[in-house]
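Asks: Starting off with a structure, shown below.
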Amino acid sequence: MVARICRRLHRRIGGTVSVPTCHACGKSHTAAAIVLWLLVCWAPCTVLTSAPVWRQVEGVLWREIRKLVAQAPIPFGPAPNLTQYELGDHALAIGLSTLDPNKFQGFHAPLLVCILDEAAGIPERIYEAVAGVTTGQADLVLEFGNPTDPESQFCRRVTTNLAHPNPSVDVVSVNAFDVAAWNENQ
């Protein structure tokens with residue numbers, strides 16, 4: 001899953017990559033790996049991460065980031081703190097609360113990427129804040145989620161794009177049967 005999404009991100013300049021998935025397929029782990037890939041390979045960049053509730057930001061997504069850095073075969077540098085990681089002066093990742101859209105303001109970088117975990121639970125006002133900060137030509141939104149809430153921005157974007165493809169949106173579907181087969185072989 002990571003390689004497919006990274007290939008899609010590599011080809012895309014600006015826009016959104018939506019990843020509808022099943023439960024327990026490693027969305028947060030994949031998002032964490034992509035955060036680190038962006039920091040190492042795409043600097044100068046800023047990566048903003050969010051999820052529907054703070055415990056998902058700090059306790060799930062950022063726990064995966066800290067674990068990947070700690071287990072890396074080649075040292076990344078200093079360990080990330082609870083929800084922020086800087087690699088030098090030009091690569092920053094930070095976890096933000098979805099309760100306050102104002103926390104998304106003020107970030108600027110040649111490449112700004114917003115990664116939304118469990119995107120079906122992200123409120124509309126946060127999507128508006130994300131749209132407000134990802135205004136650069138190359139800026140990206142990467143959203144992961146289970147398409148469980150048909151009223152969510154995430155679910156609407158995925159279903160609309162599948163019916164009427166939008167050039168600014170890529171959908172990378174992850175099949176539950178592929179995940180089950182992959183898990184079985186691990």
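Quick note on naming: the chains in the structure tokens go A, B, ... in the order shown, residues restart at 1 in each chain, and ligands are numbered from 1 in order of appearance.
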I'd like the contact shell of Phe76 (chain A) - 9 Å cut-off, only C-alpha atoms, skipping same-chain residues fewer than 5 positions apart - returned as a VMD selection string.
Replies: chain A and resid 40 69 to 70 87
Asks: Write a file of the just-selected residues containing C-alpha atoms, as a PDB file, in the first residue's frame.
Replies:
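Writing the result to part_5.pdb gives the following:
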```
ATOM      1  CA  VAL A  40      13.614  12.825   4.019  1.00  0.00           C
ATOM      2  CA  VAL A  69      12.022   6.462  13.625  1.00  0.00           C
ATOM      3  CA  ALA A  70      13.150   4.321  16.591  1.00  0.00           C
ATOM      4  CA  LEU A  87      14.835  17.270  10.284  1.00  0.00           C
TER       5      LEU A  87
END
```
Asks: Near Ile94 (chain A), counting only C-alpha atoms, which residues have an atom at most 7 Å away, once you skip same-chain residues fewer than 5 positions from it, shown as a PDB file with all heavy atoms, in the first residue's frame?
Replies:
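Final output, saved to result.pdb:
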```pdb
ATOM      1  N   VAL A  47       4.754  19.059   6.670  1.00  0.00           N
ATOM      2  CA  VAL A  47       3.690  18.057   6.646  1.00  0.00           C
ATOM      3  C   VAL A  47       2.817  18.279   7.874  1.00  0.00           C
ATOM      4  O   VAL A  47       3.294  18.203   9.006  1.00  0.00           O
ATOM      5  CB  VAL A  47       4.258  16.618   6.659  1.00  0.00           C
ATOM      6  CG1 VAL A  47       3.127  15.605   6.578  1.00  0.00           C
ATOM      7  CG2 VAL A  47       5.255  16.418   5.515  1.00  0.00           C
ATOM      8  N   LEU A  48       1.555  18.584   7.645  1.00  0.00           N
ATOM      9  CA  LEU A  48       0.588  18.746   8.728  1.00  0.00           C
ATOM     10  C   LEU A  48      -0.244  17.473   8.785  1.00  0.00           C
ATOM     11  O   LEU A  48      -0.739  17.011   7.762  1.00  0.00           O
ATOM     12  CB  LEU A  48      -0.319  19.946   8.465  1.00  0.00           C
ATOM     13  CG  LEU A  48       0.378  21.277   8.193  1.00  0.00           C
ATOM     14  CD1 LEU A  48      -0.650  22.370   7.921  1.00  0.00           C
ATOM     15  CD2 LEU A  48       1.284  21.659   9.335  1.00  0.00           C
ATOM     16  N   THR A  49      -0.380  16.911   9.979  1.00  0.00           N
ATOM     17  CA  THR A  49      -1.174  15.696  10.132  1.00  0.00           C
ATOM     18  C   THR A  49      -2.352  15.981  11.049  1.00  0.00           C
ATOM     19  O   THR A  49      -2.252  16.784  11.971  1.00  0.00           O
ATOM     20  CB  THR A  49      -0.338  14.540  10.723  1.00  0.00           C
ATOM     21  OG1 THR A  49       0.051  14.876  12.052  1.00  0.00           O
ATOM     22  CG2 THR A  49       0.893  14.259   9.869  1.00  0.00           C
ATOM     23  N   THR A  83       4.268  15.124  19.033  1.00  0.00           N
ATOM     24  CA  THR A  83       3.542  15.405  17.789  1.00  0.00           C
ATOM     25  C   THR A  83       4.268  16.400  16.896  1.00  0.00           C
ATOM     26  O   THR A  83       3.635  17.140  16.143  1.00  0.00           O
ATOM     27  CB  THR A  83       2.122  15.937  18.089  1.00  0.00           C
ATOM     28  OG1 THR A  83       2.243  17.104  18.887  1.00  0.00           O
ATOM     29  CG2 THR A  83       1.264  14.907  18.769  1.00  0.00           C
ATOM     30  N   GLN A  84       5.580  16.398  16.936  1.00  0.00           N
ATOM     31  CA  GLN A  84       6.337  17.280  16.052  1.00  0.00           C
ATOM     32  C   GLN A  84       7.690  16.650  15.762  1.00  0.00           C
ATOM     33  O   GLN A  84       8.318  16.067  16.643  1.00  0.00           O
ATOM     34  CB  GLN A  84       6.530  18.656  16.680  1.00  0.00           C
ATOM     35  CG  GLN A  84       7.202  19.638  15.754  1.00  0.00           C
ATOM     36  CD  GLN A  84       7.168  21.059  16.279  1.00  0.00           C
ATOM     37  OE1 GLN A  84       6.217  21.468  16.921  1.00  0.00           O
ATOM     38  NE2 GLN A  84       8.217  21.817  16.000  1.00  0.00           N
ATOM     39  N   TYR A  85       8.139  16.789  14.515  1.00  0.00           N
ATOM     40  CA  TYR A  85       9.422  16.258  14.117  1.00  0.00           C
ATOM     41  C   TYR A  85      10.056  17.207  13.115  1.00  0.00           C
ATOM     42  O   TYR A  85       9.428  17.585  12.128  1.00  0.00           O
ATOM     43  CB  TYR A  85       9.254  14.877  13.498  1.00  0.00           C
ATOM     44  CG  TYR A  85      10.526  14.083  13.365  1.00  0.00           C
ATOM     45  CD1 TYR A  85      11.548  14.161  14.288  1.00  0.00           C
ATOM     46  CD2 TYR A  85      10.696  13.224  12.291  1.00  0.00           C
ATOM     47  CE1 TYR A  85      12.696  13.413  14.172  1.00  0.00           C
ATOM     48  CE2 TYR A  85      11.844  12.457  12.153  1.00  0.00           C
ATOM     49  CZ  TYR A  85      12.839  12.569  13.094  1.00  0.00           C
ATOM     50  OH  TYR A  85      13.980  11.819  12.977  1.00  0.00           O
TER      51      TYR A  85
END
```
Asks: Between A:Pro147, A:Trp42, A:Leu142, A:Gly88, single out the one closest to Arg8 (chain A), counting only C-alpha atoms.
Replies: A:Leu142
Asks: Show me, as a ChimeraX atom specification, the residues that have an atom within 12 Å of Asn166 (chain A) when counting only C-alpha atoms, minus same-chain residues fewer than 3 positions from it.
Replies: /A:15-18,157-163,169-171
Asks: DSSP on the backbone: which residues in region 25-151 of chain A end up as helix (DSSP H, G or I)? Give the answer as a short mmCIF file (atom, residue, chain, number, x, y, z; two decimals) with all heavy atoms, in the first residue's frame.
Replies:
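Now in part_3.cif:
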```cif
data_model
loop_
_atom_site.label_atom_id
_atom_site.label_comp_id
_atom_site.auth_asym_id
_atom_site.auth_seq_id
_atom_site.Cartn_x
_atom_site.Cartn_y
_atom_site.Cartn_z
N LYS A 27 -3.66 1.87 7.94
CA LYS A 27 -3.74 3.26 7.46
C LYS A 27 -2.78 4.17 8.21
O LYS A 27 -2.03 4.93 7.59
CB LYS A 27 -5.17 3.80 7.62
CG LYS A 27 -6.19 3.20 6.71
CD LYS A 27 -7.55 3.84 6.91
CE LYS A 27 -8.19 3.51 8.24
NZ LYS A 27 -8.61 2.13 8.42
N SER A 28 -2.79 4.11 9.52
CA SER A 28 -1.95 5.01 10.32
C SER A 28 -0.48 4.69 10.14
O SER A 28 0.35 5.60 10.07
CB SER A 28 -2.35 4.93 11.80
OG SER A 28 -3.69 5.33 11.96
N HIS A 29 -0.13 3.43 10.05
CA HIS A 29 1.25 3.04 9.81
C HIS A 29 1.71 3.55 8.44
O HIS A 29 2.82 4.10 8.30
CB HIS A 29 1.39 1.51 9.88
CG HIS A 29 2.78 1.03 9.62
ND1 HIS A 29 3.74 1.00 10.61
CD2 HIS A 29 3.37 0.60 8.49
CE1 HIS A 29 4.87 0.55 10.09
NE2 HIS A 29 4.67 0.31 8.81
N THR A 30 0.85 3.41 7.44
CA THR A 30 1.16 3.89 6.10
C THR A 30 1.32 5.40 6.10
O THR A 30 2.27 5.93 5.52
CB THR A 30 0.06 3.46 5.11
OG1 THR A 30 -0.01 2.04 5.09
CG2 THR A 30 0.32 3.98 3.72
N ALA A 31 0.41 6.11 6.76
CA ALA A 31 0.52 7.57 6.85
C ALA A 31 1.82 7.97 7.53
O ALA A 31 2.50 8.91 7.09
CB ALA A 31 -0.69 8.13 7.60
N ALA A 32 2.20 7.28 8.59
CA ALA A 32 3.44 7.58 9.30
C ALA A 32 4.66 7.38 8.40
O ALA A 32 5.57 8.22 8.37
CB ALA A 32 3.56 6.70 10.55
N ALA A 33 4.68 6.30 7.66
CA ALA A 33 5.80 6.04 6.74
C ALA A 33 5.88 7.12 5.67
O ALA A 33 6.98 7.58 5.31
CB ALA A 33 5.64 4.66 6.10
N ILE A 34 4.74 7.59 5.20
CA ILE A 34 4.73 8.63 4.17
C ILE A 34 5.18 9.97 4.75
O ILE A 34 5.89 10.73 4.07
CB ILE A 34 3.35 8.70 3.49
CG1 ILE A 34 3.15 7.43 2.64
CG2 ILE A 34 3.21 9.96 2.65
CD1 ILE A 34 1.76 7.26 2.09
N VAL A 35 4.84 10.26 5.99
CA VAL A 35 5.34 11.49 6.63
C VAL A 35 6.86 11.47 6.61
O VAL A 35 7.50 12.46 6.20
CB VAL A 35 4.82 11.61 8.09
CG1 VAL A 35 5.60 12.67 8.85
CG2 VAL A 35 3.33 11.91 8.12
N LEU A 36 7.47 10.37 7.02
CA LEU A 36 8.93 10.29 7.06
C LEU A 36 9.54 10.35 5.66
O LEU A 36 10.57 11.01 5.45
CB LEU A 36 9.36 9.04 7.81
CG LEU A 36 8.95 9.03 9.28
CD1 LEU A 36 9.29 7.69 9.92
CD2 LEU A 36 9.58 10.18 10.04
N TRP A 37 8.92 9.68 4.70
CA TRP A 37 9.38 9.72 3.31
C TRP A 37 9.39 11.15 2.79
O TRP A 37 10.35 11.60 2.17
CB TRP A 37 8.49 8.81 2.46
CG TRP A 37 8.76 8.83 0.99
CD1 TRP A 37 9.85 8.33 0.34
CD2 TRP A 37 7.90 9.35 -0.03
NE1 TRP A 37 9.72 8.51 -1.01
CE2 TRP A 37 8.54 9.13 -1.27
CE3 TRP A 37 6.65 9.97 -0.01
CZ2 TRP A 37 7.96 9.51 -2.48
CZ3 TRP A 37 6.08 10.34 -1.22
CH2 TRP A 37 6.74 10.11 -2.43
N LEU A 38 8.32 11.89 3.07
CA LEU A 38 8.25 13.27 2.62
C LEU A 38 9.34 14.12 3.26
O LEU A 38 10.01 14.91 2.58
CB LEU A 38 6.87 13.86 2.95
CG LEU A 38 5.71 13.34 2.11
CD1 LEU A 38 4.38 13.69 2.76
CD2 LEU A 38 5.78 13.88 0.69
N LEU A 39 9.57 13.95 4.56
CA LEU A 39 10.59 14.75 5.25
C LEU A 39 11.99 14.47 4.73
O LEU A 39 12.80 15.38 4.57
CB LEU A 39 10.55 14.48 6.76
CG LEU A 39 9.31 14.95 7.50
CD1 LEU A 39 9.43 14.59 8.98
CD2 LEU A 39 9.07 16.44 7.33
N VAL A 40 12.28 13.21 4.45
CA VAL A 40 13.61 12.83 4.02
C VAL A 40 13.83 13.13 2.54
O VAL A 40 14.89 13.65 2.15
CB VAL A 40 13.87 11.33 4.31
CG1 VAL A 40 15.15 10.84 3.65
CG2 VAL A 40 13.92 11.09 5.81
N CYS A 41 12.85 12.85 1.71
CA CYS A 41 13.04 12.92 0.26
C CYS A 41 12.53 14.18 -0.41
O CYS A 41 12.90 14.46 -1.55
CB CYS A 41 12.39 11.70 -0.41
SG CYS A 41 13.11 10.14 0.10
N TRP A 54 -7.96 14.19 19.05
CA TRP A 54 -6.56 14.35 19.44
C TRP A 54 -5.90 13.02 19.79
O TRP A 54 -4.75 12.79 19.46
CB TRP A 54 -6.45 15.34 20.59
CG TRP A 54 -5.03 15.56 21.00
CD1 TRP A 54 -4.44 15.21 22.16
CD2 TRP A 54 -4.02 16.17 20.20
NE1 TRP A 54 -3.11 15.56 22.14
CE2 TRP A 54 -2.83 16.16 20.94
CE3 TRP A 54 -3.99 16.72 18.92
CZ2 TRP A 54 -1.63 16.67 20.46
CZ3 TRP A 54 -2.79 17.24 18.44
CH2 TRP A 54 -1.64 17.20 19.21
N ARG A 55 -6.61 12.12 20.45
CA ARG A 55 -5.98 10.84 20.83
C ARG A 55 -5.54 10.05 19.60
O ARG A 55 -4.58 9.30 19.65
CB ARG A 55 -6.89 10.01 21.73
CG ARG A 55 -8.09 9.44 21.07
CD ARG A 55 -8.88 8.48 21.98
NE ARG A 55 -10.13 8.16 21.34
CZ ARG A 55 -10.25 7.30 20.32
NH1 ARG A 55 -9.20 6.69 19.85
NH2 ARG A 55 -11.42 7.08 19.77
N GLN A 56 -6.23 10.24 18.47
CA GLN A 56 -5.80 9.57 17.23
C GLN A 56 -4.54 10.23 16.66
O GLN A 56 -3.68 9.54 16.12
CB GLN A 56 -6.92 9.59 16.18
CG GLN A 56 -8.05 8.64 16.50
CD GLN A 56 -9.18 8.78 15.50
OE1 GLN A 56 -9.72 9.87 15.31
NE2 GLN A 56 -9.53 7.68 14.88
N VAL A 57 -4.45 11.55 16.79
CA VAL A 57 -3.27 12.26 16.30
C VAL A 57 -2.06 11.82 17.12
O VAL A 57 -1.06 11.33 16.58
CB VAL A 57 -3.45 13.79 16.38
CG1 VAL A 57 -2.16 14.51 16.03
CG2 VAL A 57 -4.59 14.25 15.48
N GLU A 58 -2.14 12.00 18.43
CA GLU A 58 -0.99 11.74 19.30
C GLU A 58 -0.78 10.24 19.57
O GLU A 58 0.33 9.74 19.48
CB GLU A 58 -1.17 12.46 20.63
CG GLU A 58 0.00 12.26 21.57
CD GLU A 58 -0.21 12.95 22.90
OE1 GLU A 58 -1.35 13.34 23.22
OE2 GLU A 58 0.78 13.08 23.63
N GLY A 59 -1.86 9.55 19.88
CA GLY A 59 -1.72 8.17 20.34
C GLY A 59 -1.70 7.11 19.27
O GLY A 59 -1.30 5.98 19.53
N VAL A 60 -2.11 7.45 18.06
CA VAL A 60 -2.11 6.45 16.98
C VAL A 60 -1.10 6.86 15.90
O VAL A 60 -0.07 6.21 15.73
CB VAL A 60 -3.53 6.24 16.39
CG1 VAL A 60 -3.49 5.22 15.26
CG2 VAL A 60 -4.50 5.81 17.47
N LEU A 61 -1.38 7.94 15.17
CA LEU A 61 -0.52 8.33 14.05
C LEU A 61 0.89 8.69 14.51
O LEU A 61 1.88 8.17 13.99
CB LEU A 61 -1.15 9.49 13.28
CG LEU A 61 -0.33 10.02 12.11
CD1 LEU A 61 0.00 8.92 11.11
CD2 LEU A 61 -1.08 11.16 11.43
N TRP A 62 1.01 9.55 15.51
CA TRP A 62 2.34 9.95 15.96
C TRP A 62 3.06 8.86 16.74
O TRP A 62 4.30 8.82 16.74
CB TRP A 62 2.29 11.28 16.70
CG TRP A 62 2.30 12.37 15.66
CD1 TRP A 62 1.23 12.86 14.97
CD2 TRP A 62 3.45 13.00 15.14
NE1 TRP A 62 1.64 13.78 14.05
CE2 TRP A 62 3.01 13.90 14.14
CE3 TRP A 62 4.80 12.92 15.41
CZ2 TRP A 62 3.90 14.69 13.42
CZ3 TRP A 62 5.67 13.72 14.69
CH2 TRP A 62 5.22 14.59 13.71
N ARG A 63 2.35 7.96 17.35
CA ARG A 63 3.01 6.79 17.96
C ARG A 63 3.67 5.96 16.86
O ARG A 63 4.79 5.47 17.01
CB ARG A 63 2.00 5.96 18.74
CG ARG A 63 2.65 4.75 19.41
CD ARG A 63 1.63 3.94 20.14
NE ARG A 63 0.51 3.71 19.22
CZ ARG A 63 -0.37 2.75 19.34
NH1 ARG A 63 -0.32 1.92 20.33
NH2 ARG A 63 -1.33 2.60 18.46
N GLU A 64 3.00 5.82 15.71
CA GLU A 64 3.58 5.09 14.58
C GLU A 64 4.81 5.81 14.03
O GLU A 64 5.80 5.17 13.69
CB GLU A 64 2.54 4.91 13.47
CG GLU A 64 1.44 3.93 13.79
CD GLU A 64 1.92 2.49 13.88
OE1 GLU A 64 2.90 2.11 13.20
OE2 GLU A 64 1.29 1.72 14.63
N ILE A 65 4.75 7.13 13.96
CA ILE A 65 5.92 7.89 13.48
C ILE A 65 7.10 7.68 14.42
O ILE A 65 8.21 7.37 13.98
CB ILE A 65 5.57 9.39 13.36
CG1 ILE A 65 4.58 9.62 12.20
CG2 ILE A 65 6.84 10.23 13.17
CD1 ILE A 65 3.99 11.02 12.14
N ARG A 66 6.86 7.80 15.73
CA ARG A 66 7.95 7.61 16.70
C ARG A 66 8.51 6.18 16.63
O ARG A 66 9.73 5.98 16.71
CB ARG A 66 7.47 7.93 18.11
CG ARG A 66 7.15 9.41 18.32
CD ARG A 66 6.87 9.75 19.78
NE ARG A 66 5.77 8.99 20.36
CZ ARG A 66 4.48 9.32 20.31
NH1 ARG A 66 4.11 10.42 19.66
NH2 ARG A 66 3.57 8.58 20.89
N LYS A 67 7.64 5.21 16.45
CA LYS A 67 8.08 3.81 16.37
C LYS A 67 8.93 3.59 15.12
O LYS A 67 9.98 2.94 15.18
CB LYS A 67 6.85 2.89 16.35
CG LYS A 67 7.20 1.43 16.41
CD LYS A 67 6.03 0.47 16.57
CE LYS A 67 4.68 0.96 16.22
NZ LYS A 67 3.65 -0.08 16.21
N LEU A 68 8.51 4.13 13.98
CA LEU A 68 9.28 3.95 12.74
C LEU A 68 10.66 4.61 12.85
O LEU A 68 11.65 4.05 12.39
CB LEU A 68 8.52 4.52 11.55
CG LEU A 68 7.34 3.68 11.07
CD1 LEU A 68 6.55 4.44 10.00
CD2 LEU A 68 7.80 2.34 10.53
N VAL A 69 10.73 5.79 13.45
CA VAL A 69 12.02 6.46 13.63
C VAL A 69 12.92 5.63 14.54
O VAL A 69 14.10 5.41 14.26
CB VAL A 69 11.84 7.89 14.17
CG1 VAL A 69 13.18 8.49 14.60
CG2 VAL A 69 11.17 8.78 13.13
N ALA A 70 12.36 5.11 15.64
CA ALA A 70 13.15 4.32 16.59
C ALA A 70 13.65 3.02 15.97
O ALA A 70 14.74 2.54 16.32
CB ALA A 70 12.32 4.02 17.84
N GLN A 71 12.89 2.43 15.06
CA GLN A 71 13.24 1.15 14.45
C GLN A 71 13.99 1.28 13.13
O GLN A 71 14.34 0.28 12.53
CB GLN A 71 11.97 0.32 14.22
CG GLN A 71 11.26 -0.07 15.48
CD GLN A 71 9.91 -0.72 15.20
OE1 GLN A 71 9.41 -0.74 14.08
NE2 GLN A 71 9.31 -1.27 16.25
N PRO A 101 -9.83 24.91 13.72
CA PRO A 101 -9.30 25.09 12.37
C PRO A 101 -8.23 26.17 12.29
O PRO A 101 -7.41 26.16 11.37
CB PRO A 101 -10.53 25.46 11.54
CG PRO A 101 -11.60 25.81 12.49
CD PRO A 101 -11.26 25.19 13.81
N ASN A 102 -8.19 27.10 13.25
CA ASN A 102 -7.19 28.16 13.22
C ASN A 102 -5.77 27.62 13.39
O ASN A 102 -4.81 28.29 13.02
CB ASN A 102 -7.48 29.20 14.30
CG ASN A 102 -8.77 29.94 14.02
OD1 ASN A 102 -9.02 30.34 12.88
ND2 ASN A 102 -9.61 30.09 15.02
N LYS A 103 -5.63 26.42 13.94
CA LYS A 103 -4.29 25.85 14.13
C LYS A 103 -3.62 25.50 12.81
O LYS A 103 -2.42 25.27 12.77
CB LYS A 103 -4.37 24.62 15.03
CG LYS A 103 -4.68 24.98 16.47
CD LYS A 103 -4.61 23.79 17.37
CE LYS A 103 -4.89 24.21 18.80
NZ LYS A 103 -4.74 23.11 19.74
N PHE A 104 -4.40 25.46 11.73
CA PHE A 104 -3.82 25.17 10.42
C PHE A 104 -3.22 26.41 9.76
O PHE A 104 -2.51 26.30 8.77
CB PHE A 104 -4.89 24.57 9.49
CG PHE A 104 -5.19 23.13 9.77
CD1 PHE A 104 -6.07 22.78 10.78
CD2 PHE A 104 -4.59 22.12 9.05
CE1 PHE A 104 -6.36 21.46 11.05
CE2 PHE A 104 -4.85 20.80 9.32
CZ PHE A 104 -5.73 20.47 10.32
N ALA A 119 -10.20 9.98 7.73
CA ALA A 119 -10.75 11.20 7.13
C ALA A 119 -12.27 11.28 7.15
O ALA A 119 -12.82 12.39 7.11
CB ALA A 119 -10.23 11.36 5.71
N ALA A 120 -12.96 10.17 7.20
CA ALA A 120 -14.43 10.23 7.22
C ALA A 120 -14.95 10.94 8.46
O ALA A 120 -16.06 11.46 8.45
CB ALA A 120 -15.03 8.83 7.13
N GLY A 121 -14.15 11.03 9.51
CA GLY A 121 -14.56 11.70 10.73
C GLY A 121 -14.09 13.14 10.84
O GLY A 121 -14.35 13.81 11.84
N GLU A 124 -16.18 19.29 8.40
CA GLU A 124 -16.13 20.16 7.21
C GLU A 124 -15.27 21.40 7.44
O GLU A 124 -14.51 21.81 6.57
CB GLU A 124 -17.57 20.58 6.85
CG GLU A 124 -17.71 21.16 5.48
CD GLU A 124 -17.64 20.13 4.37
OE1 GLU A 124 -18.03 18.97 4.59
OE2 GLU A 124 -17.17 20.50 3.29
N ARG A 125 -15.34 22.00 8.63
CA ARG A 125 -14.57 23.22 8.89
C ARG A 125 -13.06 22.95 8.85
O ARG A 125 -12.28 23.84 8.53
CB ARG A 125 -14.99 23.87 10.21
CG ARG A 125 -14.66 23.08 11.44
CD ARG A 125 -15.23 23.73 12.71
NE ARG A 125 -14.87 23.01 13.89
CZ ARG A 125 -15.48 21.90 14.31
NH1 ARG A 125 -16.50 21.42 13.66
NH2 ARG A 125 -15.07 21.29 15.40
N ILE A 126 -12.65 21.73 9.15
CA ILE A 126 -11.23 21.39 9.07
C ILE A 126 -10.82 21.24 7.61
O ILE A 126 -9.74 21.68 7.20
CB ILE A 126 -10.91 20.12 9.88
CG1 ILE A 126 -11.23 20.36 11.35
CG2 ILE A 126 -9.46 19.69 9.68
CD1 ILE A 126 -10.53 21.55 11.97
N TYR A 127 -11.71 20.64 6.80
CA TYR A 127 -11.41 20.57 5.36
C TYR A 127 -11.28 21.97 4.77
O TYR A 127 -10.44 22.21 3.91
CB TYR A 127 -12.49 19.77 4.62
CG TYR A 127 -12.15 18.31 4.52
CD1 TYR A 127 -12.74 17.39 5.36
CD2 TYR A 127 -11.24 17.85 3.57
CE1 TYR A 127 -12.43 16.04 5.26
CE2 TYR A 127 -10.93 16.51 3.47
CZ TYR A 127 -11.52 15.61 4.31
OH TYR A 127 -11.21 14.27 4.21
N GLU A 128 -12.09 22.90 5.23
CA GLU A 128 -11.98 24.30 4.77
C GLU A 128 -10.63 24.89 5.18
O GLU A 128 -9.99 25.60 4.39
CB GLU A 128 -13.13 25.12 5.31
CG GLU A 128 -14.47 24.74 4.72
CD GLU A 128 -15.66 25.36 5.45
OE1 GLU A 128 -15.45 26.21 6.35
OE2 GLU A 128 -16.80 24.98 5.13
N ALA A 129 -10.19 24.61 6.39
CA ALA A 129 -8.88 25.09 6.86
C ALA A 129 -7.75 24.47 6.05
O ALA A 129 -6.78 25.15 5.69
CB ALA A 129 -8.71 24.80 8.35
N VAL A 130 -7.86 23.18 5.74
CA VAL A 130 -6.86 22.49 4.93
C VAL A 130 -6.80 23.13 3.54
O VAL A 130 -5.72 23.39 3.00
CB VAL A 130 -7.15 20.98 4.86
CG1 VAL A 130 -6.34 20.30 3.78
CG2 VAL A 130 -6.89 20.34 6.22
N ALA A 131 -7.96 23.40 2.94
CA ALA A 131 -7.99 24.04 1.63
C ALA A 131 -7.35 25.43 1.69
O ALA A 131 -6.68 25.85 0.74
CB ALA A 131 -9.43 24.14 1.12
N GLY A 132 -7.51 26.12 2.81
CA GLY A 132 -6.94 27.44 2.96
C GLY A 132 -5.43 27.45 3.08
O GLY A 132 -4.77 28.42 2.71
N VAL A 133 -4.86 26.37 3.58
CA VAL A 133 -3.41 26.32 3.78
C VAL A 133 -2.69 25.63 2.61
O VAL A 133 -1.51 25.86 2.39
CB VAL A 133 -3.05 25.68 5.14
CG1 VAL A 133 -3.21 24.18 5.12
CG2 VAL A 133 -1.67 26.07 5.59
#
```
Asks: Go through A:Phe144, A:Cys114, A:Gly95, A:His10 one by one, measure the shortest atom-to-atom distance of each to Ser173 (chain A) using only C-alpha atoms, and give the residue with the smallest value.
Replies: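 Using only C-alpha atoms, Ser173 (chain A) sits closest to A:Phe144.
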Asks: Ranking A:Phe154, A:Ile122, A:Ile115, A:Thr21 by minimum distance to Asp139 (chain A) and counting only C-alpha atoms, which one comes first?
Replies: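 Going through A:Phe154, A:Ile122, A:Ile115, A:Thr21 one by one, the smallest distance to Asp139 (chain A) is for A:Ile115.
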Asks: Can you list, as a list in words, every residue of region 89-120 of chain A that DSSP puts in strand (DSSP E or B)?
Replies: Ala91, Leu92, Ala93, Ile94, Gly95, Leu112, Val113, Cys114, Ile115 and Leu116 of chain A
Asks: Using N, CA and C atoms, can you write the selected residues to a file as an mmCIF file, in the first residue's frame?
Replies:
```
data_model
loop_
_atom_site.group_PDB
_atom_site.id
_atom_site.type_symbol
_atom_site.label_atom_id
_atom_site.label_comp_id
_atom_site.auth_asym_id
_atom_site.auth_seq_id
_atom_site.Cartn_x
_atom_site.Cartn_y
_atom_site.Cartn_z
ATOM 1 N N ALA A 91 12.574 20.738 7.044
ATOM 2 C CA ALA A 91 11.628 19.619 7.001
ATOM 3 C C ALA A 91 10.933 19.523 8.357
ATOM 4 N N LEU A 92 9.639 19.810 8.362
ATOM 5 C CA LEU A 92 8.856 19.840 9.587
ATOM 6 C C LEU A 92 7.583 19.025 9.405
ATOM 7 N N ALA A 93 7.286 18.189 10.387
ATOM 8 C CA ALA A 93 5.985 17.507 10.460
ATOM 9 C C ALA A 93 5.396 17.825 11.822
ATOM 10 N N ILE A 94 4.099 18.064 11.827
ATOM 11 C CA ILE A 94 3.442 18.425 13.081
ATOM 12 C C ILE A 94 2.028 17.857 13.089
ATOM 13 N N GLY A 95 1.591 17.410 14.269
ATOM 14 C CA GLY A 95 0.225 16.929 14.439
ATOM 15 C C GLY A 95 -0.647 18.035 14.991
ATOM 16 N N LEU A 112 3.792 21.879 0.879
ATOM 17 C CA LEU A 112 3.015 21.679 2.091
ATOM 18 C C LEU A 112 2.053 20.522 1.828
ATOM 19 N N VAL A 113 2.101 19.529 2.703
ATOM 20 C CA VAL A 113 1.252 18.350 2.554
ATOM 21 C C VAL A 113 0.424 18.200 3.823
ATOM 22 N N CYS A 114 -0.875 18.033 3.675
ATOM 23 C CA CYS A 114 -1.758 17.732 4.802
ATOM 24 C C CYS A 114 -2.160 16.272 4.703
ATOM 25 N N ILE A 115 -1.890 15.514 5.762
ATOM 26 C CA ILE A 115 -2.256 14.101 5.815
ATOM 27 C C ILE A 115 -3.360 13.948 6.839
ATOM 28 N N LEU A 116 -4.508 13.466 6.383
ATOM 29 C CA LEU A 116 -5.685 13.313 7.222
ATOM 30 C C LEU A 116 -5.954 11.832 7.429
#
```
Asks: Just checking: using only C-alpha atoms, which residue out of A:Val174, A:Leu82, A:Glu118, A:Asp100 ends up closest to Gln153 (chain A)?
Replies: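 Counting only C-alpha atoms, the residue closest to Gln153 (chain A) is A:Glu118.
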Asks: Identify which of the residues A:Leu140, A:Pro73, A:Thr46, A:Gln105 lies closest to Asp89 (chain A), counting only C-alpha atoms when measuring atom-to-atom distances.
Replies: A:Thr46
Asks: What is the distance, in Å and to one decimal place, between CA of Arg11 (chain A) and CA of Val172 (chain A)?
Replies: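 It comes out at 13.0 Å.
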